>>> print(open('run.cif').read())   # mmCIF, N, CA, C and O atoms
data_structure
loop_
_atom_site.label_atom_id
_atom_site.label_comp_id
_atom_site.auth_asym_id
_atom_site.auth_seq_id
_atom_site.Cartn_x
_atom_site.Cartn_y
_atom_site.Cartn_z
N MET M 1 -28.31 -19.86 17.59
CA MET M 1 -27.94 -20.88 16.61
C MET M 1 -26.65 -21.57 17.05
O MET M 1 -25.71 -20.95 17.49
N ASN M 2 -26.64 -22.88 16.94
CA ASN M 2 -25.46 -23.66 17.31
C ASN M 2 -24.37 -23.50 16.26
O ASN M 2 -24.65 -23.50 15.06
N PRO M 3 -23.12 -23.42 16.70
CA PRO M 3 -22.02 -23.32 15.74
C PRO M 3 -21.70 -24.66 15.08
O PRO M 3 -20.94 -24.72 14.13
N PHE M 4 -22.29 -25.75 15.59
CA PHE M 4 -22.07 -27.08 15.05
C PHE M 4 -23.39 -27.58 14.48
O PHE M 4 -24.43 -26.97 14.66
N SER M 5 -23.33 -28.71 13.81
CA SER M 5 -24.54 -29.32 13.26
C SER M 5 -24.79 -30.66 13.93
O SER M 5 -23.86 -31.31 14.40
N HIS M 6 -26.03 -31.07 13.95
CA HIS M 6 -26.39 -32.42 14.39
C HIS M 6 -26.34 -33.32 13.17
O HIS M 6 -26.66 -32.89 12.06
N ILE M 7 -25.94 -34.58 13.39
CA ILE M 7 -25.85 -35.50 12.26
C ILE M 7 -26.34 -36.88 12.69
O ILE M 7 -25.91 -37.41 13.72
N PRO M 8 -27.26 -37.46 11.91
CA PRO M 8 -27.71 -38.82 12.22
C PRO M 8 -26.64 -39.84 11.80
O PRO M 8 -25.78 -39.55 10.96
N PRO M 9 -26.67 -41.01 12.40
CA PRO M 9 -25.64 -42.02 12.09
C PRO M 9 -25.46 -42.30 10.59
O PRO M 9 -24.32 -42.42 10.13
N ARG M 10 -26.53 -42.40 9.83
CA ARG M 10 -26.36 -42.73 8.40
C ARG M 10 -25.58 -41.65 7.65
O ARG M 10 -24.73 -41.96 6.82
N ASP M 11 -25.84 -40.39 7.96
CA ASP M 11 -25.09 -39.31 7.33
C ASP M 11 -23.65 -39.27 7.85
O ASP M 11 -22.72 -38.95 7.11
N ALA M 12 -23.49 -39.62 9.13
CA ALA M 12 -22.15 -39.65 9.71
C ALA M 12 -21.29 -40.70 9.03
O ALA M 12 -20.11 -40.45 8.74
N LEU M 13 -21.86 -41.85 8.75
CA LEU M 13 -21.10 -42.91 8.08
C LEU M 13 -20.57 -42.41 6.74
O LEU M 13 -19.40 -42.65 6.40
N GLU M 14 -21.39 -41.71 6.00
CA GLU M 14 -20.95 -41.17 4.71
C GLU M 14 -19.79 -40.19 4.89
O GLU M 14 -18.80 -40.23 4.15
N LEU M 15 -19.89 -39.31 5.89
CA LEU M 15 -18.79 -38.37 6.16
C LEU M 15 -17.51 -39.11 6.56
O LEU M 15 -16.42 -38.75 6.14
N ILE M 16 -17.66 -40.13 7.41
CA ILE M 16 -16.50 -40.91 7.85
C ILE M 16 -15.84 -41.59 6.65
O ILE M 16 -14.61 -41.58 6.53
N GLU M 17 -16.65 -42.14 5.77
CA GLU M 17 -16.09 -42.79 4.58
C GLU M 17 -15.37 -41.80 3.67
O GLU M 17 -14.55 -42.18 2.85
N ASN M 18 -15.68 -40.50 3.83
CA ASN M 18 -15.03 -39.46 3.05
C ASN M 18 -13.98 -38.69 3.84
O ASN M 18 -13.60 -37.60 3.47
N GLY M 19 -13.53 -39.27 4.97
CA GLY M 19 -12.39 -38.71 5.68
C GLY M 19 -12.67 -37.93 6.94
O GLY M 19 -11.72 -37.35 7.51
N ALA M 20 -13.89 -37.89 7.42
CA ALA M 20 -14.16 -37.18 8.67
C ALA M 20 -13.47 -37.89 9.83
O ALA M 20 -13.30 -39.10 9.83
N VAL M 21 -13.08 -37.11 10.81
CA VAL M 21 -12.49 -37.61 12.03
C VAL M 21 -13.59 -37.82 13.06
O VAL M 21 -14.45 -36.95 13.23
N VAL M 22 -13.57 -38.95 13.76
CA VAL M 22 -14.52 -39.20 14.85
C VAL M 22 -13.76 -39.09 16.16
O VAL M 22 -12.74 -39.75 16.35
N VAL M 23 -14.27 -38.24 17.05
CA VAL M 23 -13.70 -38.14 18.39
C VAL M 23 -14.76 -38.60 19.38
O VAL M 23 -15.93 -38.24 19.27
N ASP M 24 -14.35 -39.43 20.31
CA ASP M 24 -15.23 -40.05 21.28
C ASP M 24 -14.89 -39.47 22.65
O ASP M 24 -13.76 -39.61 23.11
N ILE M 25 -15.86 -38.83 23.30
CA ILE M 25 -15.60 -38.19 24.58
C ILE M 25 -16.06 -39.03 25.77
O ILE M 25 -16.05 -38.55 26.91
N ARG M 26 -16.46 -40.27 25.53
CA ARG M 26 -16.86 -41.14 26.63
C ARG M 26 -15.64 -41.48 27.49
O ARG M 26 -14.50 -41.27 27.08
N ASP M 27 -15.89 -42.05 28.66
CA ASP M 27 -14.79 -42.40 29.55
C ASP M 27 -13.89 -43.46 28.90
O ASP M 27 -14.34 -44.20 28.01
N PRO M 28 -12.62 -43.51 29.32
CA PRO M 28 -11.67 -44.43 28.68
C PRO M 28 -12.10 -45.90 28.68
O PRO M 28 -11.87 -46.60 27.70
N ALA M 29 -12.72 -46.37 29.75
CA ALA M 29 -13.13 -47.78 29.80
C ALA M 29 -14.20 -48.08 28.76
O ALA M 29 -14.16 -49.10 28.08
N SER M 30 -15.17 -47.18 28.61
CA SER M 30 -16.22 -47.37 27.60
C SER M 30 -15.63 -47.31 26.20
O SER M 30 -15.99 -48.10 25.34
N PHE M 31 -14.72 -46.36 25.98
CA PHE M 31 -14.06 -46.25 24.68
C PHE M 31 -13.30 -47.52 24.36
O PHE M 31 -13.39 -48.03 23.24
N GLN M 32 -12.55 -48.04 25.33
CA GLN M 32 -11.77 -49.27 25.10
C GLN M 32 -12.67 -50.46 24.82
O GLN M 32 -12.34 -51.31 24.00
N ALA M 33 -13.80 -50.53 25.50
CA ALA M 33 -14.70 -51.68 25.35
C ALA M 33 -15.30 -51.76 23.96
O ALA M 33 -15.39 -52.84 23.37
N ASN M 34 -15.73 -50.62 23.41
CA ASN M 34 -16.39 -50.62 22.10
C ASN M 34 -16.48 -49.17 21.61
O ASN M 34 -16.82 -48.28 22.38
N ARG M 35 -16.20 -48.98 20.35
CA ARG M 35 -16.20 -47.62 19.77
C ARG M 35 -16.44 -47.70 18.27
O ARG M 35 -16.36 -48.77 17.67
N ILE M 36 -16.71 -46.55 17.68
CA ILE M 36 -16.82 -46.45 16.22
C ILE M 36 -15.44 -46.75 15.64
O ILE M 36 -14.42 -46.25 16.16
N GLN M 37 -15.40 -47.55 14.59
CA GLN M 37 -14.11 -47.89 13.97
C GLN M 37 -13.34 -46.62 13.63
O GLN M 37 -13.87 -45.71 12.99
N GLY M 38 -12.09 -46.58 14.06
CA GLY M 38 -11.21 -45.46 13.75
C GLY M 38 -11.37 -44.25 14.66
O GLY M 38 -10.65 -43.26 14.48
N ALA M 39 -12.28 -44.30 15.62
CA ALA M 39 -12.49 -43.15 16.51
C ALA M 39 -11.27 -42.91 17.39
O ALA M 39 -10.53 -43.83 17.72
N GLN M 40 -11.10 -41.64 17.75
CA GLN M 40 -10.05 -41.24 18.68
C GLN M 40 -10.69 -40.87 20.00
O GLN M 40 -11.73 -40.22 20.00
N SER M 41 -10.06 -41.23 21.09
CA SER M 41 -10.53 -40.80 22.39
C SER M 41 -10.12 -39.34 22.59
O SER M 41 -8.97 -38.97 22.33
N LEU M 42 -11.07 -38.53 23.02
CA LEU M 42 -10.79 -37.11 23.27
C LEU M 42 -11.19 -36.79 24.70
O LEU M 42 -12.34 -37.00 25.08
N ASN M 43 -10.22 -36.33 25.48
CA ASN M 43 -10.48 -35.97 26.87
C ASN M 43 -9.62 -34.77 27.24
O ASN M 43 -8.90 -34.24 26.39
N ASN M 44 -9.67 -34.37 28.48
CA ASN M 44 -8.92 -33.19 28.92
C ASN M 44 -7.42 -33.34 28.68
O ASN M 44 -6.73 -32.35 28.45
N ASP M 45 -6.92 -34.57 28.73
CA ASP M 45 -5.49 -34.79 28.55
C ASP M 45 -5.06 -34.78 27.09
O ASP M 45 -3.89 -34.55 26.79
N THR M 46 -5.99 -35.04 26.17
CA THR M 46 -5.63 -35.16 24.76
C THR M 46 -6.14 -34.03 23.87
O THR M 46 -5.77 -33.94 22.71
N VAL M 47 -7.00 -33.19 24.41
CA VAL M 47 -7.67 -32.20 23.56
C VAL M 47 -6.70 -31.20 22.94
O VAL M 47 -6.83 -30.86 21.76
N GLN M 48 -5.70 -30.73 23.68
CA GLN M 48 -4.79 -29.74 23.11
C GLN M 48 -3.96 -30.34 21.99
O GLN M 48 -3.75 -29.70 20.95
N THR M 49 -3.52 -31.57 22.15
CA THR M 49 -2.77 -32.25 21.08
C THR M 49 -3.66 -32.40 19.85
O THR M 49 -3.20 -32.19 18.71
N PHE M 50 -4.92 -32.77 20.08
CA PHE M 50 -5.86 -32.90 18.96
C PHE M 50 -6.00 -31.57 18.23
O PHE M 50 -5.93 -31.52 16.99
N ILE M 51 -6.20 -30.50 18.96
CA ILE M 51 -6.36 -29.17 18.36
C ILE M 51 -5.11 -28.79 17.57
O ILE M 51 -5.20 -28.30 16.44
N ASP M 52 -3.95 -29.05 18.15
CA ASP M 52 -2.69 -28.69 17.50
C ASP M 52 -2.41 -29.49 16.24
O ASP M 52 -1.70 -29.02 15.34
N ASN M 53 -2.94 -30.71 16.15
CA ASN M 53 -2.59 -31.61 15.05
C ASN M 53 -3.70 -31.89 14.05
O ASN M 53 -3.56 -32.77 13.21
N THR M 54 -4.79 -31.14 14.13
CA THR M 54 -5.93 -31.38 13.24
C THR M 54 -6.20 -30.12 12.43
O THR M 54 -6.20 -29.01 12.98
N GLU M 55 -6.40 -30.30 11.14
CA GLU M 55 -6.72 -29.17 10.27
C GLU M 55 -8.08 -28.58 10.65
O GLU M 55 -9.03 -29.32 10.92
N PHE M 56 -8.18 -27.28 10.65
CA PHE M 56 -9.41 -26.61 11.06
C PHE M 56 -10.57 -26.82 10.09
O PHE M 56 -11.72 -26.65 10.45
N ASP M 57 -10.27 -27.21 8.83
CA ASP M 57 -11.36 -27.47 7.88
C ASP M 57 -11.68 -28.97 7.77
O ASP M 57 -12.53 -29.36 6.98
N GLN M 58 -11.04 -29.79 8.60
CA GLN M 58 -11.32 -31.23 8.64
C GLN M 58 -12.68 -31.47 9.30
O GLN M 58 -12.91 -30.98 10.39
N PRO M 59 -13.58 -32.19 8.67
CA PRO M 59 -14.85 -32.51 9.34
C PRO M 59 -14.61 -33.37 10.58
O PRO M 59 -13.84 -34.32 10.55
N ILE M 60 -15.27 -33.00 11.68
CA ILE M 60 -15.12 -33.70 12.95
C ILE M 60 -16.50 -34.10 13.45
O ILE M 60 -17.41 -33.26 13.53
N ILE M 61 -16.65 -35.36 13.80
CA ILE M 61 -17.88 -35.88 14.37
C ILE M 61 -17.59 -36.21 15.83
O ILE M 61 -16.69 -37.00 16.13
N VAL M 62 -18.35 -35.58 16.74
CA VAL M 62 -18.16 -35.80 18.17
C VAL M 62 -19.19 -36.82 18.65
O VAL M 62 -20.39 -36.67 18.40
N CYS M 63 -18.72 -37.83 19.34
CA CYS M 63 -19.55 -38.92 19.83
C CYS M 63 -19.46 -38.99 21.35
O CYS M 63 -18.36 -38.91 21.92
N CYS M 64 -20.61 -39.16 22.01
CA CYS M 64 -20.66 -39.41 23.44
C CYS M 64 -21.53 -40.64 23.66
O CYS M 64 -21.63 -41.48 22.77
N TYR M 65 -22.17 -40.76 24.80
CA TYR M 65 -23.01 -41.94 25.06
C TYR M 65 -24.34 -41.88 24.29
O TYR M 65 -24.71 -42.82 23.61
N HIS M 66 -25.06 -40.75 24.44
CA HIS M 66 -26.42 -40.66 23.88
C HIS M 66 -26.65 -39.42 23.03
O HIS M 66 -27.78 -39.15 22.64
N GLY M 67 -25.63 -38.64 22.75
CA GLY M 67 -25.79 -37.47 21.90
C GLY M 67 -26.06 -36.18 22.64
O GLY M 67 -26.40 -35.17 22.02
N ILE M 68 -25.89 -36.16 23.95
CA ILE M 68 -26.13 -34.95 24.74
C ILE M 68 -24.81 -34.23 25.03
O ILE M 68 -24.63 -33.07 24.65
N SER M 69 -23.88 -34.90 25.68
CA SER M 69 -22.60 -34.28 26.03
C SER M 69 -21.79 -33.88 24.81
O SER M 69 -21.00 -32.94 24.86
N SER M 70 -21.99 -34.58 23.72
CA SER M 70 -21.24 -34.27 22.50
C SER M 70 -21.56 -32.87 21.99
O SER M 70 -20.73 -32.26 21.32
N GLN M 71 -22.72 -32.36 22.33
CA GLN M 71 -23.09 -31.02 21.87
C GLN M 71 -22.19 -29.95 22.49
O GLN M 71 -21.73 -29.04 21.80
N SER M 72 -21.89 -30.08 23.78
CA SER M 72 -20.99 -29.13 24.44
C SER M 72 -19.58 -29.25 23.88
O SER M 72 -18.90 -28.25 23.64
N ALA M 73 -19.13 -30.48 23.66
CA ALA M 73 -17.79 -30.69 23.12
C ALA M 73 -17.70 -30.16 21.69
O ALA M 73 -16.69 -29.56 21.31
N ALA M 74 -18.74 -30.36 20.90
CA ALA M 74 -18.76 -29.84 19.53
C ALA M 74 -18.70 -28.32 19.54
O ALA M 74 -17.97 -27.71 18.75
N SER M 75 -19.45 -27.71 20.43
CA SER M 75 -19.43 -26.25 20.55
C SER M 75 -18.04 -25.76 20.94
O SER M 75 -17.53 -24.78 20.38
N PHE M 76 -17.40 -26.45 21.87
CA PHE M 76 -16.04 -26.13 22.29
C PHE M 76 -15.08 -26.16 21.10
O PHE M 76 -14.26 -25.25 20.93
N LEU M 77 -15.16 -27.20 20.29
CA LEU M 77 -14.27 -27.31 19.12
C LEU M 77 -14.53 -26.18 18.12
O LEU M 77 -13.59 -25.64 17.53
N CYS M 78 -15.79 -25.82 17.95
CA CYS M 78 -16.11 -24.69 17.06
C CYS M 78 -15.49 -23.40 17.59
O CYS M 78 -14.95 -22.60 16.82
N GLU M 79 -15.57 -23.21 18.89
CA GLU M 79 -14.99 -22.01 19.51
C GLU M 79 -13.47 -21.96 19.32
O GLU M 79 -12.89 -20.88 19.33
N ARG M 80 -12.85 -23.12 19.14
CA ARG M 80 -11.40 -23.18 18.92
C ARG M 80 -11.03 -22.99 17.46
O ARG M 80 -9.87 -23.02 17.11
N GLY M 81 -12.03 -22.84 16.58
CA GLY M 81 -11.75 -22.54 15.19
C GLY M 81 -12.07 -23.62 14.18
O GLY M 81 -11.89 -23.42 12.98
N PHE M 82 -12.53 -24.79 14.64
CA PHE M 82 -12.88 -25.83 13.68
C PHE M 82 -14.17 -25.45 12.96
O PHE M 82 -15.10 -24.92 13.56
N GLU M 83 -14.19 -25.69 11.66
CA GLU M 83 -15.25 -25.17 10.80
C GLU M 83 -16.39 -26.14 10.55
O GLU M 83 -17.52 -25.71 10.32
N LYS M 84 -16.12 -27.44 10.56
CA LYS M 84 -17.14 -28.45 10.22
C LYS M 84 -17.23 -29.46 11.35
O LYS M 84 -16.60 -30.51 11.32
N VAL M 85 -18.03 -29.12 12.36
CA VAL M 85 -18.14 -29.96 13.54
C VAL M 85 -19.58 -30.46 13.66
O VAL M 85 -20.52 -29.69 13.48
N TYR M 86 -19.70 -31.74 13.99
CA TYR M 86 -21.01 -32.38 14.08
C TYR M 86 -21.14 -33.11 15.41
O TYR M 86 -20.17 -33.72 15.88
N SER M 87 -22.32 -33.08 15.98
CA SER M 87 -22.66 -33.87 17.15
C SER M 87 -23.47 -35.06 16.66
O SER M 87 -24.49 -34.89 15.98
N LEU M 88 -23.02 -36.27 17.00
CA LEU M 88 -23.68 -37.49 16.52
C LEU M 88 -25.00 -37.70 17.26
O LEU M 88 -25.01 -37.92 18.47
N ASP M 89 -26.09 -37.63 16.54
CA ASP M 89 -27.41 -37.87 17.11
C ASP M 89 -27.49 -39.28 17.68
O ASP M 89 -27.12 -40.24 17.01
N GLY M 90 -27.95 -39.40 18.91
CA GLY M 90 -28.06 -40.71 19.55
C GLY M 90 -26.77 -41.23 20.14
O GLY M 90 -26.76 -42.28 20.77
N GLY M 91 -25.67 -40.53 19.90
CA GLY M 91 -24.38 -40.92 20.45
C GLY M 91 -23.95 -42.31 20.02
O GLY M 91 -24.43 -42.86 19.02
N PHE M 92 -23.05 -42.90 20.82
CA PHE M 92 -22.56 -44.23 20.48
C PHE M 92 -23.68 -45.26 20.53
O PHE M 92 -23.71 -46.19 19.72
N GLU M 93 -24.62 -45.11 21.46
CA GLU M 93 -25.72 -46.06 21.55
C GLU M 93 -26.55 -46.06 20.27
O GLU M 93 -26.94 -47.11 19.77
N GLY M 94 -26.81 -44.89 19.71
CA GLY M 94 -27.54 -44.80 18.44
C GLY M 94 -26.74 -45.39 17.29
O GLY M 94 -27.29 -46.06 16.41
N TRP M 95 -25.44 -45.15 17.31
CA TRP M 95 -24.56 -45.71 16.28
C TRP M 95 -24.57 -47.24 16.36
O TRP M 95 -24.70 -47.92 15.35
N LEU M 96 -24.44 -47.76 17.57
CA LEU M 96 -24.39 -49.21 17.77
C LEU M 96 -25.67 -49.89 17.29
O LEU M 96 -25.62 -50.95 16.67
N ARG M 97 -26.82 -49.25 17.53
CA ARG M 97 -28.09 -49.81 17.04
C ARG M 97 -28.17 -49.78 15.52
O ARG M 97 -28.73 -50.67 14.90
N THR M 98 -27.59 -48.76 14.91
CA THR M 98 -27.68 -48.58 13.46
C THR M 98 -26.60 -49.37 12.72
O THR M 98 -26.87 -49.96 11.68
N PHE M 99 -25.39 -49.33 13.24
CA PHE M 99 -24.24 -49.94 12.55
C PHE M 99 -23.41 -50.81 13.49
O PHE M 99 -22.23 -50.52 13.75
N PRO M 100 -23.95 -51.91 13.99
CA PRO M 100 -23.15 -52.75 14.89
C PRO M 100 -21.90 -53.32 14.24
O PRO M 100 -20.93 -53.62 14.92
N ASP M 101 -21.89 -53.42 12.93
CA ASP M 101 -20.71 -53.96 12.23
C ASP M 101 -19.63 -52.91 11.99
O ASP M 101 -18.56 -53.24 11.48
N HIS M 102 -19.89 -51.67 12.34
CA HIS M 102 -18.91 -50.59 12.16
C HIS M 102 -18.37 -50.15 13.51
O HIS M 102 -18.12 -48.96 13.73
N CYS M 103 -18.19 -51.12 14.41
CA CYS M 103 -17.65 -50.84 15.73
C CYS M 103 -16.36 -51.63 15.91
O CYS M 103 -16.12 -52.62 15.24
N GLN M 104 -15.57 -51.15 16.84
CA GLN M 104 -14.27 -51.77 17.11
C GLN M 104 -14.19 -52.03 18.61
O GLN M 104 -14.31 -51.10 19.40
N GLN M 105 -13.98 -53.25 18.97
CA GLN M 105 -13.88 -53.62 20.38
C GLN M 105 -12.44 -53.81 20.79
O GLN M 105 -11.61 -54.22 19.98
N GLY M 106 -12.18 -53.52 22.08
CA GLY M 106 -10.85 -53.77 22.65
C GLY M 106 -9.75 -52.92 22.16
O GLY M 106 -9.72 -52.04 21.47
#
>>> encode(input="run.cif", output="structure tokens")
Amino acid sequence: MNPFSHIPPRDALELIENGAVVVDIRDPASFQANRIQGAQSLNNDTVQTFIDNTEFDQPIIVCCYHGISSQSAASFLCERGFEKVYSLDGGFEGWLRTFPDHCQQG
């Protein structure tokens, strides 16, 4: 059993509107070009700061390109003690198809 849950974009939007944190593990250029509004870039250089500054009961939605790599990152966050971690089904590409108006460019 996975320590995290999968979440479709529509359910993710509801969680985000209720205060969930979105972390985007895509490469910096892709993140800069277009991302979910309010998302934070999470990479090897920023992960420890994120862990140190985020409440363990804060819902976290992990986003990658297509929803595959986010599963490993979500599992990693669960192993570090986060309680409510989700992998975004379809990744950023799925989000973009569903909610193009909820993206932030540049």
>>> closest_residue(input="run.cif", among="M:Ile36, M:Ile51, M:Leu77, M:Phe82", to="Leu96 (chain M)", atoms="all atoms listed in the file")
M:Ile36
>>> resolve_selection(input="run.cif", expression="the PyMOL selection byres ((chain M and resi 35) around 7)", output="list in words")
Ser30, Phe31, Gln32, Ala33, Asn34, Ile36, Gln37, Gly38, Ala39, His102, Cys103, Gln104, Gln105 and Gly106 of chain M
>>> atom_distance(input="run.cif", atom1="atom O of Thr46 (chain M)", atom2="atom C of Arg97 (chain M)")
28.4 Å
>>> closest_residue(input="run.cif", among="M:His66, M:Gln71, M:Gln48, M:Asp27", to="Gly94 (chain M)", atoms="only C-alpha atoms")
M:His66
>>> residues_near_point(input="run.cif", point="(-22.8, -34.8, 19.4)", cutoff="9 Å", atoms="only C-alpha atoms", output="list in words")
Phe4, Ser5, His6, Ile7, Ile61, Val62, Cys63, Cys64, His66, Gly67, Ile68, Ser69, Ser70, Gln71, Ser72, Ala73, Ala74, Val85, Tyr86, Ser87, Leu88, Asp89, Gly90 and Gly91 of chain M
>>> closest_residue(input="run.cif", among="M:Cys78, M:Pro28, M:Pro8, M:Leu15", to="Asn43 (chain M)", atoms="only C-alpha atoms")
M:Pro28
>>> atom_distance(input="run.cif", atom1="atom C of Glu17 (chain M)", atom2="atom O of Asp45 (chain M)")
26.8 Å
>>> closest_residue(input="run.cif", among="M:Ala12, M:Val23, M:Pro3, M:Asn53", to="Glu83 (chain M)", atoms="all atoms listed in the file")
M:Pro3
>>> closest_residue(input="run.cif", among="M:Thr49, M:Gly19, M:Arg26, M:Leu42", to="Tyr65 (chain M)", atoms="only N, CA, C and O atoms")
M:Arg26
>>> select_by_dssp(input="run.cif", residues="chain M", states="strand (DSSP E)", output="VMD selection string")
chain M and resid 5 to 7 21 to 24 34 to 36 40 to 41 60 to 63 85 to 88 103 to 105
>>> atom_distance(input="run.cif", atom1="atom O of Arg80 (chain M)", atom2="atom O of Trp95 (chain M)")
29.0 Å
>>> residues_around(input="run.cif", residues="Asn18 (chain M)", least_positions_apart="6", cutoff="12 Å", atoms="only C-alpha atoms", output="PyMOL selection string")
chain M and resi 11-12+58-60
>>> write_last_selection(input="run.cif", atoms="N, CA, C and O atoms", output="short mmCIF file (atom, residue, chain, number, x, y, z; two decimals), keeping the file's coordinate frame")
data_model
loop_
_atom_site.label_atom_id
_atom_site.label_comp_id
_atom_site.auth_asym_id
_atom_site.auth_seq_id
_atom_site.Cartn_x
_atom_site.Cartn_y
_atom_site.Cartn_z
N ASP M 11 -25.84 -40.39 7.96
CA ASP M 11 -25.09 -39.31 7.33
C ASP M 11 -23.65 -39.27 7.85
O ASP M 11 -22.72 -38.95 7.11
N ALA M 12 -23.49 -39.62 9.13
CA ALA M 12 -22.15 -39.65 9.71
C ALA M 12 -21.29 -40.70 9.03
O ALA M 12 -20.11 -40.45 8.74
N GLN M 58 -11.04 -29.79 8.60
CA GLN M 58 -11.32 -31.23 8.64
C GLN M 58 -12.68 -31.47 9.30
O GLN M 58 -12.91 -30.98 10.39
N PRO M 59 -13.58 -32.19 8.67
CA PRO M 59 -14.85 -32.51 9.34
C PRO M 59 -14.61 -33.37 10.58
O PRO M 59 -13.84 -34.32 10.55
N ILE M 60 -15.27 -33.00 11.68
CA ILE M 60 -15.12 -33.70 12.95
C ILE M 60 -16.50 -34.10 13.45
O ILE M 60 -17.41 -33.26 13.53
#
>>> select_by_dssp(input="run.cif", residues="chain M", states="alpha helix (DSSP H)", output="VMD selection string")
chain M and resid 9 to 17 28 to 33 47 to 53 69 to 79 91 to 98
>>> closest_residue(input="run.cif", among="M:Ile25, M:Phe76, M:Ile16, M:Pro100", to="Asn44 (chain M)", atoms="all atoms listed in the file")
M:Ile25
